[in-house]
Structures are given as structure tokens and as C-alpha cells.
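Colleague: Hey, dropping final17.cif in here, mmCIF, C-alpha atoms:
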data_protein
#
loop_
_atom_site.label_atom_id
_atom_site.label_comp_id
_atom_site.auth_asym_id
_atom_site.auth_seq_id
_atom_site.Cartn_x
_atom_site.Cartn_y
_atom_site.Cartn_z
CA MET B 1018 -54.52 14.25 -31.88
CA VAL B 1019 -52.89 11.19 -33.37
CA GLY B 1020 -55.49 8.80 -34.77
CA VAL B 1021 -54.07 5.68 -33.22
CA ARG B 1022 -56.15 2.54 -33.09
CA ALA B 1023 -55.42 -0.88 -31.59
CA VAL B 1024 -57.12 -4.23 -31.35
CA CYS B 1025 -56.35 -7.45 -29.50
CA GLY B 1026 -55.54 -10.67 -31.26
CA GLY B 1027 -53.47 -9.04 -33.94
CA PHE B 1028 -55.23 -6.28 -35.82
CA GLY B 1029 -56.57 -2.67 -35.66
CA THR B 1030 -60.10 -1.44 -34.77
CA SER B 1031 -62.93 0.39 -36.40
CA VAL B 1032 -62.59 3.59 -38.37
CA SER B 1033 -65.89 5.02 -37.18
CA ASP B 1034 -64.26 8.04 -35.58
CA CYS B 1035 -62.88 8.97 -39.01
CA ALA B 1036 -66.17 10.83 -39.46
CA ALA B 1037 -64.84 13.75 -37.49
CA SER B 1038 -62.19 14.35 -40.12
CA VAL B 1039 -64.61 14.28 -43.07
CA PRO B 1040 -66.28 17.64 -43.88
CA ASN B 1041 -69.96 18.27 -44.65
CA LEU B 1042 -71.31 15.19 -42.91
CA LYS B 1043 -74.92 15.96 -42.08
CA ASN B 1044 -78.15 14.00 -41.77
CA ILE B 1045 -76.35 10.70 -41.42
CA VAL B 1046 -78.70 7.83 -40.61
CA THR B 1047 -77.15 5.33 -38.20
CA ILE B 1048 -78.82 1.91 -38.24
CA PRO B 1049 -77.59 -0.25 -35.33
CA LEU B 1050 -77.86 -4.02 -35.53
CA PRO B 1051 -77.43 -6.67 -32.84
CA PHE B 1052 -73.90 -8.01 -32.84
CA SER B 1053 -75.26 -11.47 -33.63
CA GLU B 1054 -76.61 -10.12 -36.95
CA ARG B 1055 -73.50 -8.18 -37.97
CA ARG B 1056 -71.09 -9.47 -40.54
CA ASN B 1057 -68.11 -11.13 -38.88
CA LEU B 1058 -64.88 -11.53 -40.79
CA THR B 1059 -61.85 -13.41 -39.62
CA LEU B 1060 -59.20 -11.15 -38.14
CA GLY B 1061 -56.09 -11.31 -40.24
CA ALA B 1062 -53.89 -9.79 -42.89
CA PHE B 1063 -55.43 -9.42 -46.34
CA TYR B 1064 -53.05 -9.49 -49.29
CA PRO B 1065 -54.77 -8.73 -52.63
CA CYS B 1066 -52.31 -10.19 -55.10
CA ASN B 1067 -52.83 -11.48 -58.64
CA PRO B 1068 -49.45 -12.71 -59.97
CA ALA B 1069 -50.91 -13.29 -63.44
CA ALA B 1070 -51.73 -9.61 -63.95
CA ARG B 1071 -49.69 -6.41 -63.93
CA ILE B 1072 -51.27 -4.96 -60.82
CA VAL B 1073 -50.02 -3.23 -57.71
CA ARG B 1074 -49.48 -5.57 -54.75
CA ARG B 1075 -50.34 -3.99 -51.42
CA CYS B 1076 -50.53 -5.39 -47.91
CA PHE B 1077 -53.38 -4.46 -45.58
CA VAL B 1078 -54.64 -5.12 -42.08
CA VAL B 1079 -58.33 -6.11 -42.05
CA THR B 1080 -60.25 -6.04 -38.78
CA SER B 1081 -63.74 -6.73 -37.54
CA SER B 1082 -65.49 -4.08 -35.46
CA SER B 1083 -68.92 -2.82 -34.52
CA THR B 1084 -69.86 0.08 -36.79
CA MET B 1085 -69.23 1.47 -40.24
CA ALA B 1086 -67.89 4.98 -40.30
CA PRO B 1087 -69.99 7.80 -41.75
CA GLY B 1088 -67.95 9.31 -44.56
CA VAL B 1089 -66.23 6.04 -45.47
CA ALA B 1090 -66.73 5.07 -49.12
CA ALA B 1091 -69.67 2.69 -49.57
CA ALA B 1092 -68.33 -0.85 -49.65
CA ASP B 1093 -71.52 -2.81 -50.16
CA GLN B 1094 -74.28 -0.86 -51.89
CA ALA B 1095 -76.29 -4.04 -52.38
CA SER B 1096 -77.19 -4.00 -48.69
CA PRO B 1097 -76.62 -0.41 -47.51
CA GLU B 1098 -78.34 -0.85 -44.18
CA GLU B 1099 -76.04 -3.64 -43.06
CA THR B 1100 -73.35 -2.62 -40.61
CA PHE B 1101 -69.99 -3.64 -42.07
CA GLY B 1102 -67.85 -3.20 -38.97
CA VAL B 1103 -64.53 -3.91 -40.67
CA SER B 1104 -61.44 -1.73 -41.12
CA MET B 1105 -58.55 -1.93 -43.58
CA TYR B 1106 -55.14 -0.33 -43.12
CA PRO B 1107 -51.74 -0.62 -44.86
CA VAL B 1108 -49.49 -3.06 -43.00
CA HIS B 1109 -46.49 -0.73 -43.23
CA ARG B 1110 -48.39 1.76 -41.06
CA SER B 1111 -48.86 -0.81 -38.30
CA LYS B 1112 -46.75 -2.38 -35.55
CA VAL B 1113 -47.28 -5.62 -33.64
CA ILE B 1114 -46.91 -4.95 -29.92
CA HIS B 1115 -46.53 -7.78 -27.38
CA ILE B 1116 -47.59 -6.24 -24.06
CA VAL B 1117 -46.20 -7.96 -20.95
CA ARG B 1118 -46.88 -7.16 -17.32
CA HIS B 1119 -43.97 -7.93 -14.96
CA GLY B 1120 -43.89 -11.15 -12.94
CA GLN B 1121 -44.98 -11.32 -9.33
CA GLY B 1122 -43.06 -8.90 -7.10
CA TYR B 1123 -42.71 -8.89 -3.33
CA HIS B 1124 -44.90 -5.77 -3.16
CA ASN B 1125 -47.68 -7.71 -4.96
CA VAL B 1126 -47.65 -10.45 -2.32
CA ALA B 1127 -47.79 -7.96 0.55
CA GLY B 1128 -50.28 -5.65 -1.18
CA GLU B 1129 -52.77 -8.44 -1.82
CA LEU B 1130 -52.82 -9.20 1.90
CA ASP B 1131 -52.89 -5.57 3.01
CA HIS B 1132 -53.19 -2.72 0.51
CA SER B 1133 -51.45 -0.35 2.90
CA SER B 1134 -48.27 -2.39 2.35
CA TYR B 1135 -47.78 -0.49 -0.90
CA MET B 1136 -46.84 2.44 1.33
CA SER B 1137 -44.02 0.50 2.98
CA TRP B 1138 -40.41 1.45 2.30
CA ASP B 1139 -39.54 -2.24 2.66
CA PHE B 1140 -40.64 -2.68 -0.97
CA THR B 1141 -38.76 0.22 -2.57
CA ASP B 1142 -38.13 -0.68 -6.23
CA ALA B 1143 -39.52 -4.14 -5.52
CA SER B 1144 -37.90 -7.22 -7.05
CA LEU B 1145 -39.38 -10.46 -8.37
CA THR B 1146 -40.31 -13.33 -6.07
CA ASP B 1147 -39.35 -16.93 -6.80
CA LEU B 1148 -42.80 -17.34 -8.36
CA GLY B 1149 -42.20 -14.22 -10.45
CA TRP B 1150 -39.08 -15.83 -11.92
CA GLN B 1151 -41.01 -19.04 -12.61
CA GLN B 1152 -43.67 -17.00 -14.42
CA ALA B 1153 -40.99 -15.34 -16.55
CA GLU B 1154 -39.49 -18.72 -17.45
CA ALA B 1155 -42.94 -20.06 -18.40
CA LEU B 1156 -43.59 -17.08 -20.68
CA HIS B 1157 -40.14 -17.53 -22.23
CA ALA B 1158 -41.03 -21.14 -23.07
CA HIS B 1159 -44.38 -19.99 -24.55
CA LEU B 1160 -42.66 -17.45 -26.80
CA ASP B 1161 -40.24 -20.10 -28.02
CA ALA B 1162 -43.02 -22.61 -28.68
CA THR B 1163 -45.19 -20.15 -30.60
CA GLY B 1164 -42.35 -18.66 -32.63
CA ILE B 1165 -42.96 -15.16 -31.26
CA MET B 1166 -39.47 -15.02 -29.78
CA SER B 1167 -37.85 -15.23 -33.19
CA GLN B 1168 -40.03 -12.41 -34.53
CA VAL B 1169 -39.39 -9.79 -31.83
CA GLU B 1170 -37.06 -7.00 -32.97
CA LEU B 1171 -37.04 -4.78 -29.88
CA VAL B 1172 -37.82 -5.11 -26.16
CA VAL B 1173 -38.90 -1.87 -24.47
CA VAL B 1174 -38.82 -2.06 -20.69
CA SER B 1175 -39.77 0.17 -17.78
CA PRO B 1176 -36.65 1.13 -15.76
CA LEU B 1177 -37.72 -0.51 -12.50
CA LEU B 1178 -36.10 -3.61 -11.06
CA ARG B 1179 -39.08 -5.98 -11.41
CA THR B 1180 -39.68 -5.09 -15.08
CA LEU B 1181 -35.98 -5.27 -15.95
CA GLN B 1182 -35.77 -8.70 -14.29
CA THR B 1183 -38.90 -9.84 -16.13
CA ALA B 1184 -37.57 -8.62 -19.48
CA ALA B 1185 -34.31 -10.49 -18.88
CA GLY B 1186 -36.08 -13.68 -17.78
CA VAL B 1187 -38.61 -13.65 -20.62
CA PHE B 1188 -36.54 -12.39 -23.55
CA GLY B 1189 -32.99 -13.14 -22.45
CA GLY B 1190 -30.88 -16.21 -23.05
CA PRO B 1191 -29.93 -19.03 -20.66
CA THR B 1192 -27.96 -18.48 -17.50
CA LEU B 1193 -24.44 -17.29 -18.11
CA PRO B 1194 -21.92 -20.15 -18.44
CA GLU B 1195 -19.67 -20.56 -15.43
CA GLY B 1196 -16.48 -18.57 -15.68
CA GLU B 1197 -17.79 -16.11 -18.28
CA SER B 1198 -17.57 -12.43 -17.38
CA GLU B 1199 -20.87 -10.90 -16.28
CA GLU B 1200 -19.89 -7.68 -18.04
CA SER B 1201 -21.05 -9.33 -21.27
CA SER B 1202 -24.36 -10.51 -19.77
CA LEU B 1203 -27.86 -9.13 -20.16
CA MET B 1204 -28.36 -9.22 -16.37
CA THR B 1205 -25.86 -9.79 -13.60
CA SER B 1206 -26.43 -12.20 -10.71
CA GLY B 1207 -27.55 -11.58 -7.13
CA LEU B 1208 -30.20 -8.87 -7.65
CA GLY B 1209 -33.20 -8.41 -5.36
CA LYS B 1210 -34.64 -10.56 -2.59
CA SER B 1211 -34.75 -13.69 -4.76
CA PRO B 1212 -31.32 -13.64 -6.42
CA HIS B 1213 -31.09 -15.20 -9.87
CA ALA B 1214 -28.06 -16.35 -11.82
CA ALA B 1215 -26.69 -14.01 -14.48
CA ILE B 1216 -28.57 -14.15 -17.79
CA SER B 1217 -26.79 -14.15 -21.14
CA ARG B 1218 -27.55 -12.13 -24.28
CA LEU B 1219 -28.61 -15.04 -26.45
CA ASN B 1220 -31.02 -13.13 -28.68
CA SER B 1221 -29.99 -10.49 -31.16
CA PHE B 1222 -32.74 -7.97 -30.54
CA LYS B 1223 -32.19 -4.75 -28.65
CA PHE B 1224 -33.31 -3.95 -25.08
CA VAL B 1225 -34.23 -0.29 -24.47
CA ALA B 1226 -35.40 1.21 -21.16
CA ASN B 1227 -38.05 3.93 -21.45
CA GLU B 1228 -39.38 5.88 -18.49
CA TRP B 1229 -42.63 6.68 -20.30
CA CYS B 1230 -43.90 3.13 -19.64
CA ARG B 1231 -43.03 2.98 -15.94
CA GLU B 1232 -45.71 2.45 -13.31
CA GLN B 1233 -48.04 5.16 -12.06
CA ASN B 1234 -45.62 6.90 -9.75
CA GLY B 1235 -45.57 8.78 -6.47
CA VAL B 1236 -46.43 7.90 -2.83
CA HIS B 1237 -45.81 4.12 -3.22
CA PRO B 1238 -42.11 3.35 -2.62
CA CYS B 1239 -42.37 0.20 -4.75
CA ASP B 1240 -42.77 2.49 -7.77
CA ARG B 1241 -39.66 4.53 -7.03
CA ARG B 1242 -36.80 3.43 -9.25
CA SER B 1243 -33.14 3.05 -8.35
CA ASP B 1244 -30.39 5.14 -9.93
CA ILE B 1245 -29.71 4.48 -13.59
CA SER B 1246 -26.00 4.13 -12.77
CA PHE B 1247 -26.91 1.08 -10.64
CA TYR B 1248 -29.08 -0.38 -13.40
CA LYS B 1249 -26.35 0.04 -15.99
CA LYS B 1250 -24.03 -2.14 -13.90
CA SER B 1251 -26.79 -4.65 -13.12
CA PHE B 1252 -28.20 -4.88 -16.66
CA PRO B 1253 -25.24 -4.41 -19.05
CA GLY B 1254 -27.31 -5.53 -22.03
CA VAL B 1255 -29.97 -2.82 -21.67
CA ASP B 1256 -29.73 0.57 -23.36
CA PHE B 1257 -30.65 3.32 -20.83
CA SER B 1258 -29.95 6.28 -23.12
CA GLU B 1259 -33.68 7.14 -23.36
CA VAL B 1260 -33.80 7.86 -19.59
CA GLU B 1261 -32.78 11.46 -19.01
CA THR B 1262 -31.69 11.53 -15.36
CA ASP B 1263 -29.71 9.21 -13.11
CA LYS B 1264 -31.84 9.96 -10.04
CA ASP B 1265 -35.59 9.37 -10.03
CA THR B 1266 -36.96 12.88 -10.51
CA TRP B 1267 -40.48 11.68 -11.39
CA TRP B 1268 -41.41 10.02 -8.10
CA HIS B 1269 -42.92 12.24 -5.36
CA GLU B 1270 -43.39 11.15 -1.76
CA THR B 1271 -46.72 12.92 -1.20
CA LYS B 1272 -48.26 13.25 -4.67
CA ARG B 1273 -49.57 10.32 -6.70
CA GLU B 1274 -49.69 10.66 -10.49
CA THR B 1275 -53.31 11.19 -11.60
CA SER B 1276 -55.17 9.11 -14.17
CA GLN B 1277 -55.25 12.05 -16.57
CA GLU B 1278 -51.49 12.46 -16.27
CA LEU B 1279 -51.06 8.74 -16.85
CA PHE B 1280 -53.32 8.82 -19.93
CA ALA B 1281 -51.22 11.68 -21.33
CA ARG B 1282 -48.01 9.74 -20.65
CA ALA B 1283 -49.47 6.64 -22.31
CA ARG B 1284 -50.33 8.66 -25.43
CA GLY B 1285 -46.77 9.96 -25.58
CA PHE B 1286 -45.41 6.44 -25.23
CA VAL B 1287 -47.61 5.09 -28.05
CA ARG B 1288 -46.45 7.92 -30.31
CA TRP B 1289 -42.86 7.02 -29.45
CA LEU B 1290 -43.52 3.38 -30.41
CA LEU B 1291 -44.99 4.48 -33.73
CA LYS B 1292 -41.81 6.38 -34.57
CA ARG B 1293 -39.56 3.38 -33.95
CA PRO B 1294 -38.17 1.62 -37.05
CA GLU B 1295 -39.00 -1.84 -35.66
CA SER B 1296 -42.35 -3.40 -36.58
CA ARG B 1297 -42.55 -6.13 -33.89
CA ILE B 1298 -41.95 -4.80 -30.39
CA ALA B 1299 -42.32 -6.26 -26.90
CA VAL B 1300 -43.21 -3.88 -24.05
CA VAL B 1301 -42.60 -4.93 -20.43
CA SER B 1302 -44.50 -2.66 -18.07
CA HIS B 1303 -46.86 -2.48 -15.07
CA SER B 1304 -50.52 -3.07 -14.28
CA SER B 1305 -51.70 0.51 -13.88
CA PHE B 1306 -49.77 1.89 -16.84
CA ILE B 1307 -50.92 -0.95 -19.12
CA PHE B 1308 -54.50 -0.50 -17.88
CA HIS B 1309 -54.49 3.20 -18.78
CA MET B 1310 -52.73 2.66 -22.12
CA CYS B 1311 -55.21 -0.02 -23.18
CA HIS B 1312 -58.15 2.16 -22.15
CA LEU B 1313 -57.11 4.64 -24.83
CA PHE B 1314 -58.52 2.08 -27.27
CA GLY B 1315 -61.53 -0.17 -27.83
CA ALA B 1316 -64.40 2.23 -27.10
CA GLU B 1317 -66.01 1.57 -30.48
CA CYS B 1318 -65.47 -2.19 -30.53
CA SER B 1319 -67.93 -4.89 -29.56
CA ASP B 1320 -68.06 -5.70 -25.86
CA VAL B 1321 -66.10 -8.90 -26.51
CA VAL B 1322 -63.22 -7.17 -28.29
CA ARG B 1323 -63.25 -4.20 -25.93
CA LYS B 1324 -62.82 -6.53 -22.95
CA GLU B 1325 -59.98 -8.31 -24.73
CA ILE B 1326 -58.20 -4.96 -24.95
CA GLN B 1327 -59.12 -3.33 -21.65
CA THR B 1328 -59.26 -6.12 -19.05
CA GLY B 1329 -56.50 -5.80 -16.46
CA PHE B 1330 -53.33 -7.90 -16.81
CA ARG B 1331 -52.24 -10.66 -14.43
CA ASN B 1332 -48.59 -10.93 -13.39
CA CYS B 1333 -46.49 -11.95 -16.39
CA GLU B 1334 -49.50 -12.03 -18.70
CA MET B 1335 -48.81 -11.22 -22.36
CA ARG B 1336 -51.24 -10.03 -25.03
CA SER B 1337 -50.41 -9.20 -28.64
CA VAL B 1338 -52.01 -6.21 -30.36
CA VAL B 1339 -51.51 -4.09 -33.45
CA ILE B 1340 -51.28 -0.31 -33.34
CA LEU B 1341 -51.19 2.16 -36.22
CA ASP B 1342 -51.53 5.84 -36.92
CA ARG B 1343 -54.44 6.05 -39.38
CA LEU B 1344 -54.03 9.82 -39.75
CA ALA B 1345 -50.35 9.60 -40.70
CA THR B 1346 -49.14 12.05 -43.36
CA GLY B 1347 -45.41 11.35 -43.39
CA ALA B 1348 -43.34 8.43 -44.59
CA PRO B 1349 -43.81 5.15 -42.67
CA SER B 1350 -41.23 4.33 -40.00
CA THR B 1351 -41.21 0.59 -40.79
CA ALA B 1352 -40.13 -1.28 -43.92
CA PHE B 1353 -42.30 -0.70 -46.99
CA LEU B 1354 -43.04 -4.14 -48.44
CA ASP B 1355 -45.55 -3.28 -51.19
CA PHE B 1356 -44.60 -4.07 -54.80
CA PRO B 1357 -45.04 -1.28 -57.39
CA GLY B 1358 -46.04 -3.42 -60.39
CA GLY B 1359 -46.82 -1.80 -63.74
CA LEU B 1360 -44.72 -1.40 -66.86
CA HIS B 1361 -41.75 -0.04 -64.90
CA TYR B 1362 -41.86 -2.38 -61.90
CA ASN B 1363 -38.04 -2.45 -61.90
CA ASP B 1364 -37.51 1.32 -62.16
CA LEU B 1365 -39.25 3.35 -59.46
CA SER B 1366 -38.17 6.62 -61.10
CA LYS B 1367 -40.63 6.04 -63.97
CA LYS B 1368 -44.40 5.83 -64.08
CA ASP B 1369 -46.59 3.95 -66.55
CA MET B 1370 -48.19 7.18 -67.76
CA ASP B 1371 -44.73 8.47 -68.78
CA VAL B 1372 -44.88 6.13 -71.79
CA PRO B 1373 -46.44 7.91 -74.84
CA ASP B 1374 -49.75 6.50 -76.14
CA ARG B 1375 -50.08 4.02 -73.30
CA GLU B 1376 -52.51 3.94 -70.41
CA ILE B 1377 -53.30 1.57 -67.54
CA VAL B 1378 -56.15 -0.66 -68.68
CA ALA B 1379 -58.41 -2.89 -66.60
CA GLU B 1380 -61.39 -5.10 -67.39
CA ASP B 1381 -63.62 -2.54 -65.68
CA LYS B 1382 -63.08 1.17 -65.37
CA VAL B 1383 -61.51 1.71 -61.94
CA PRO B 1384 -62.43 5.09 -60.42
CA HIS B 1385 -59.97 7.16 -58.44
CA ALA B 1386 -60.53 6.88 -54.68
CA ASP B 1387 -61.41 10.58 -54.40
CA SER B 1388 -64.26 10.15 -56.89
CA LEU B 1389 -66.05 7.45 -54.89
CA PRO B 1390 -69.26 8.59 -53.17
CA THR B 1391 -69.26 8.68 -49.40
CA VAL B 1392 -72.10 7.46 -47.21
CA ALA B 1393 -73.17 11.08 -46.80
CA GLN B 1394 -73.32 11.60 -50.58
CA THR B 1395 -75.17 8.38 -51.34
CA ALA B 1396 -78.95 8.63 -51.17
CA TRP B 1397 -79.97 5.32 -49.65
CA PRO B 1398 -83.70 4.83 -48.89
CA ILE B 1399 -84.64 3.77 -45.38
CA SER B 1400 -86.43 0.43 -45.52
CA ASP B 1401 -89.86 -0.21 -44.05
CA ALA B 1402 -88.25 -2.71 -41.71
CA HIS B 1403 -86.07 0.01 -40.22
CA SER B 1404 -88.83 2.61 -40.08
CA ASN B 1405 -91.04 0.09 -38.25
CA GLY B 1406 -88.32 -0.61 -35.71
CA LYS B 1407 -87.76 -4.23 -36.81
CA LEU B 1408 -84.02 -3.70 -37.00
#
How would this structure read if it were set down as C-alpha cells?
Modeller:
Amino acid sequence: MVGVRAVCGGFGTSVSDCAASVPNLKNIVTIPLPFSERRNLTLGAFYPCNPAARIVRRCFVVTSSSTMAPGVAAADQASPEETFGVSMYPVHRSKVIHIVRHGQGYHNVAGELDHSSYMSWDFTDASLTDLGWQQAEALHAHLDATGIMSQVELVVVSPLLRTLQTAAGVFGGPTLPEGESEESSLMTSGLGKSPHAAISRLNSFKFVANEWCREQNGVHPCDRRSDISFYKKSFPGVDFSEVETDKDTWWHETKRETSQELFARARGFVRWLLKRPESRIAVVSHSSFIFHMCHLFGAECSDVVRKEIQTGFRNCEMRSVVILDRLATGAPSTAFLDFPGGLHYNDLSKKDMDVPDREIVAEDKVPHADSLPTVAQTAWPISDAHSNGKL
């Protein structure tokens, strides 16, 4: 199992489930505190850097959560009974993901009035409504205003018409200038029930279609995609090489994909994201898939943070999260931005200890991480307050 964690608002969750990977953890005393009494730190990136000293500069993600993991090295022995609820991870192991649900589709309008409309063939591979296009334009303006647009390196999109249209409307350029060939566009004109002008490829980032993030499929015709050969002509700026078949071989007329199958697909998709070289990725998907993907995370967070992760998405809603593989053993897939420091900061082939009669010195003796005591190895007395139930 990949130890992936995610948190809303920009940074990763607790490490409390790390305990399962630490041997010989027995007789651990867990002391819960009300959330109002727990230490709250601002979510953000923590960069320990002292330019005046020859030290190693490393970048981390620091997050606030609900519990401290058994087996994690003691961080505050002055108050051992206090729940720390914060996690730290290397930034190069993480990715910022901007999750977007598609804009309003015609199947959404009909389905809200009568749920049985989702069974209608009239909404096969449903397109955006006029309101759906307006929602996409509003999100585009928001991304420009916040600077997110300039940071995105990759747009991953479900290969259905409404998500492809949303991706083009949100992350694409302006409408194609009159007289310019649509073969060079991101999206051609005249698609769906509310035709839109062709959209240009203003931005430099890549658009990739991935079937792993498509909607829960089967039974509902709105979730049956069109042929990839049609999409390639309609969306010249999207890379469809990740989709294996031209015809939709996933959709079944009488069998709906189960939640367990969707959870498994979501796990596979998250693993795929983690392997990508890009560190800031937008994902344009669907309500049910996003719901299941987000419910893979947040179980050990406070109720507030868990709801920020798991609450269902409105049409064209966007939330930004960070994911990372905290059990990674291989090289990171994203750029490594740490600075090596030391005597040979400009020659990575050498180490400080290679120099005869020299050693790394610090004001205080710094122990190796493996020599630090864990919570299980540290004999902390239980206070009278805890034994009397006052905590």
C-alpha cells in the first residue's frame, strides 16, 4: 500500500498511521485532547535556512492534524502528554493538485429535476450548458487573479466531453482569432448543445487525457464517452496517448461500477500523479470520482479539515491540495531543490568526512535520526490529571 496523504488548503496530513510501519510498538498510551486545546500551527511550507552557517538547507511541508503518531520521535519532551498533531515532509516528495469538477452539464440540469433522467440516452456524453461555460470562464478569471494559472505545469482531464470542454474553458487561452486554422487550437468550435467558439492554446502547459479519472461508469449514458478519434479532431491540443482504446470499452449498459472498484481506480490514479515529473497539476474530473478519491484521505484529521477534503464538489468548484508518498523509497519524481551545504557544497561527488582530520561541528552534539528515542522507547509518566480523567 502506498502511504499517500493529502490535506486541503495546501499541505499534507497527519503521520499517525506511520505506527503500523514501526516494529515493537506495545503499551502505547494515547491521551486525546479536545481540539480546542490542541496546538494549532499555521499550514505552510517551513524552510529551515541559516545563510550565516554552513548547514544543509532543506524544504519541508508542515501540516496541522489531530494526533501524534506512536513511534514518531519525541518532538516536545517538555510536555509529553500534549498532542502535537503536526506533520513534516520533504517538499520534493509532494505535489500541489488543483482539483476541478466540470461545469454544469445538460445531464445535471435534467438529473436535478428527475434522477431517472441520468438513464436517458438523450444525454450521452453530455456537454456543458451555457451556465457551465460561464462557470468555466469565472474559474479562469479566478486562476488568473490568484496567480495559480501561471504556476500550473500540467492539466489532466477525464476523456468525456464536459470535462474536456471545462479544461479548455478554464485553462485554455482566448477564443481563436478569426481566420486562424482550428487545427492549431486547443478546442474546435461547434461542440455539444451549447456550441462555443474555438479556444486557442495560449498557455504553455500540457493537456493530458487520462481515463483513470473519468466518472463512475456504466448504466448512465451521460458517462459513456465518445470515440477518441472524435476527441482528437475536436481537441487538437490534448494528448490522448494515455487512453488505450478508441471505443469506450469501460462503460457497460447494465452494470454500474461499484464504490470499491472506484476506490481502487482512484488509488491507481493518485499513484500515476505521483510518478509524473510535474509538481503543480490541475485535474478536471467528475463529482463521484472526486468524491471517492478525496475519501481516501482525511480520516485522521480534525472534523474541520476532514470536511474540507471530503465534502462533495459543486459544478466547476476547485480546491487545492497537496499529496505525497510518505513511504517512498526511490528517487523523487519532481525537481530536488535542497542545497547540500558543507565544505564541498559545489562538488556533490565529495563529502565533508572525506577530508582528513576534519569533522562536522555544531554548537550542540546533533544525534543521528536513528538514535533518537521513539514514543514507545521513552518512559513518560502519566500525570495525575490524566489518571483522574481531567484531560
Colleague: Neighbouring residues of segment 1120-1129 of chain B were defined as those with any atom within 8 Å, considering all atoms listed in the file; residues of the same chain fewer than 6 positions away were excluded. Please report them as a PyMOL selection string.
Modeller: chain B and resi 1135+1140+1143-1146+1148-1150+1152-1153+1179-1180+1183+1239+1332-1333
Colleague: Within 12 Å of Gly1254 of chain B, counting all atoms listed in the file, which residues show up once you throw out same-chain ones fewer than 4 positions away? Write them as a PDB file with C-alpha atoms, in the coordinates of the input, please.
Modeller:
ATOM      1  CA  VAL B1172     -37.820  -5.110 -26.160  1.00  0.00           C
ATOM      2  CA  LEU B1181     -35.980  -5.270 -15.950  1.00  0.00           C
ATOM      3  CA  GLN B1182     -35.770  -8.700 -14.290  1.00  0.00           C
ATOM      4  CA  ALA B1184     -37.570  -8.620 -19.480  1.00  0.00           C
ATOM      5  CA  ALA B1185     -34.310 -10.490 -18.880  1.00  0.00           C
ATOM      6  CA  PHE B1188     -36.540 -12.390 -23.550  1.00  0.00           C
ATOM      7  CA  GLY B1189     -32.990 -13.140 -22.450  1.00  0.00           C
ATOM      8  CA  GLY B1190     -30.880 -16.210 -23.050  1.00  0.00           C
ATOM      9  CA  GLU B1199     -20.870 -10.900 -16.280  1.00  0.00           C
ATOM     10  CA  GLU B1200     -19.890  -7.680 -18.040  1.00  0.00           C
ATOM     11  CA  SER B1201     -21.050  -9.330 -21.270  1.00  0.00           C
ATOM     12  CA  SER B1202     -24.360 -10.510 -19.770  1.00  0.00           C
ATOM     13  CA  LEU B1203     -27.860  -9.130 -20.160  1.00  0.00           C
ATOM     14  CA  MET B1204     -28.360  -9.220 -16.370  1.00  0.00           C
ATOM     15  CA  THR B1205     -25.860  -9.790 -13.600  1.00  0.00           C
ATOM     16  CA  ALA B1215     -26.690 -14.010 -14.480  1.00  0.00           C
ATOM     17  CA  ILE B1216     -28.570 -14.150 -17.790  1.00  0.00           C
ATOM     18  CA  SER B1217     -26.790 -14.150 -21.140  1.00  0.00           C
ATOM     19  CA  ARG B1218     -27.550 -12.130 -24.280  1.00  0.00           C
ATOM     20  CA  LEU B1219     -28.610 -15.040 -26.450  1.00  0.00           C
ATOM     21  CA  ASN B1220     -31.020 -13.130 -28.680  1.00  0.00           C
ATOM     22  CA  SER B1221     -29.990 -10.490 -31.160  1.00  0.00           C
ATOM     23  CA  PHE B1222     -32.740  -7.970 -30.540  1.00  0.00           C
ATOM     24  CA  LYS B1223     -32.190  -4.750 -28.650  1.00  0.00           C
ATOM     25  CA  PHE B1224     -33.310  -3.950 -25.080  1.00  0.00           C
ATOM     26  CA  VAL B1225     -34.230  -0.290 -24.470  1.00  0.00           C
ATOM     27  CA  ALA B1226     -35.400   1.210 -21.160  1.00  0.00           C
ATOM     28  CA  TYR B1248     -29.080  -0.380 -13.400  1.00  0.00           C
ATOM     29  CA  LYS B1249     -26.350   0.040 -15.990  1.00  0.00           C
ATOM     30  CA  LYS B1250     -24.030  -2.140 -13.900  1.00  0.00           C
TER      31      LYS B1250
END
Colleague: Using all atoms listed in the file, which residue out of B:Val1236, B:Ser1211, B:Ile1298, B:Ser1304 lies closest to Thr1275 of chain B?
Modeller: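 Closest candidate: B:Val1236.
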Colleague: Can you work out which one of B:Thr1163, B:Gly1347, B:Asp1142, B:Glu1261 has the shortest atom-to-atom distance to Asn1234 of chain B, counting only C-alpha atoms?
Modeller: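 Closest residue, counting only C-alpha atoms: B:Asp1142.
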Colleague: Rounded to one decimal place, report the atom CA of Leu1313 of chain B-atom CA of Ser1296 of chain B distance in Å.
Modeller: 20.5 Å
Colleague: Find the spatial neighbours of Ser1243 of chain B, counting all atoms listed in the file, within a cut-off of 9 Å - ignore same-chain residues fewer than 3 positions away - and output them as a list of chain:residue names.
Modeller: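 Result of the neighbour search: B:Thr1141, B:Asp1142, B:Pro1176, B:Leu1177, B:Leu1178, B:Ser1246, B:Phe1247, B:Tyr1248, B:Asp1263, B:Lys1264, B:Asp1265.
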Colleague: May I have the selected residues written with C-alpha atoms, as a compact mmCIF listing (two decimals), in the coordinates of the input?
Modeller:
# COMPACT_ATOMS: atom_id res chain seq x y z
CA THR B 1141 -38.76 0.22 -2.57
CA ASP B 1142 -38.13 -0.68 -6.23
CA PRO B 1176 -36.65 1.13 -15.76
CA LEU B 1177 -37.72 -0.51 -12.50
CA LEU B 1178 -36.10 -3.61 -11.06
CA SER B 1246 -26.00 4.13 -12.77
CA PHE B 1247 -26.91 1.08 -10.64
CA TYR B 1248 -29.08 -0.38 -13.40
CA ASP B 1263 -29.71 9.21 -13.11
CA LYS B 1264 -31.84 9.96 -10.04
CA ASP B 1265 -35.59 9.37 -10.03
Colleague: What's the 6 Å shell around segment 1107-1115 of chain B, counting only C-alpha atoms, without same-chain residues fewer than 2 positions away, as a list in words?
Modeller: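 The residues that qualify are Cys1076, Phe1077, Val1078, Ser1296, Arg1297, Ile1298, Ala1299, Arg1336, Ser1337, Val1338, Val1339, Ile1340, Leu1341, Pro1349, Thr1351 and Phe1353 of chain B.
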Colleague: What is the atom CA of Gly1329 of chain B to atom CA of Val1301 of chain B distance in Å?
Modeller: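 Atom CA of Val1301 of chain B lies at a distance of 14.5 Å from atom CA of Gly1329 of chain B.
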Colleague: Neighbours of Gln1327 of chain B within 12 Å (all atoms listed in the file; same-chain residues fewer than 6 positions away dropped), as a list in words?
Modeller: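 After dropping sequence-adjacent residues, the list is Ala1023, Val1024, Cys1025, Ser1304, Ser1305, Phe1306, Ile1307, Phe1308, His1309, Met1310, Cys1311, His1312, Leu1313, Phe1314, Gly1315, Ala1316, Cys1318, Ser1319, Asp1320, Val1321, Arg1336 and Val1338 of chain B.
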Colleague: Just give me the gap between atom CA of His1132 of chain B and atom CA of Trp1267 of chain B in Å, one decimal is fine.
Modeller: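 Taking atom CA of His1132 of chain B as the start and atom CA of Trp1267 of chain B as the end point, the length is 22.6 Å.
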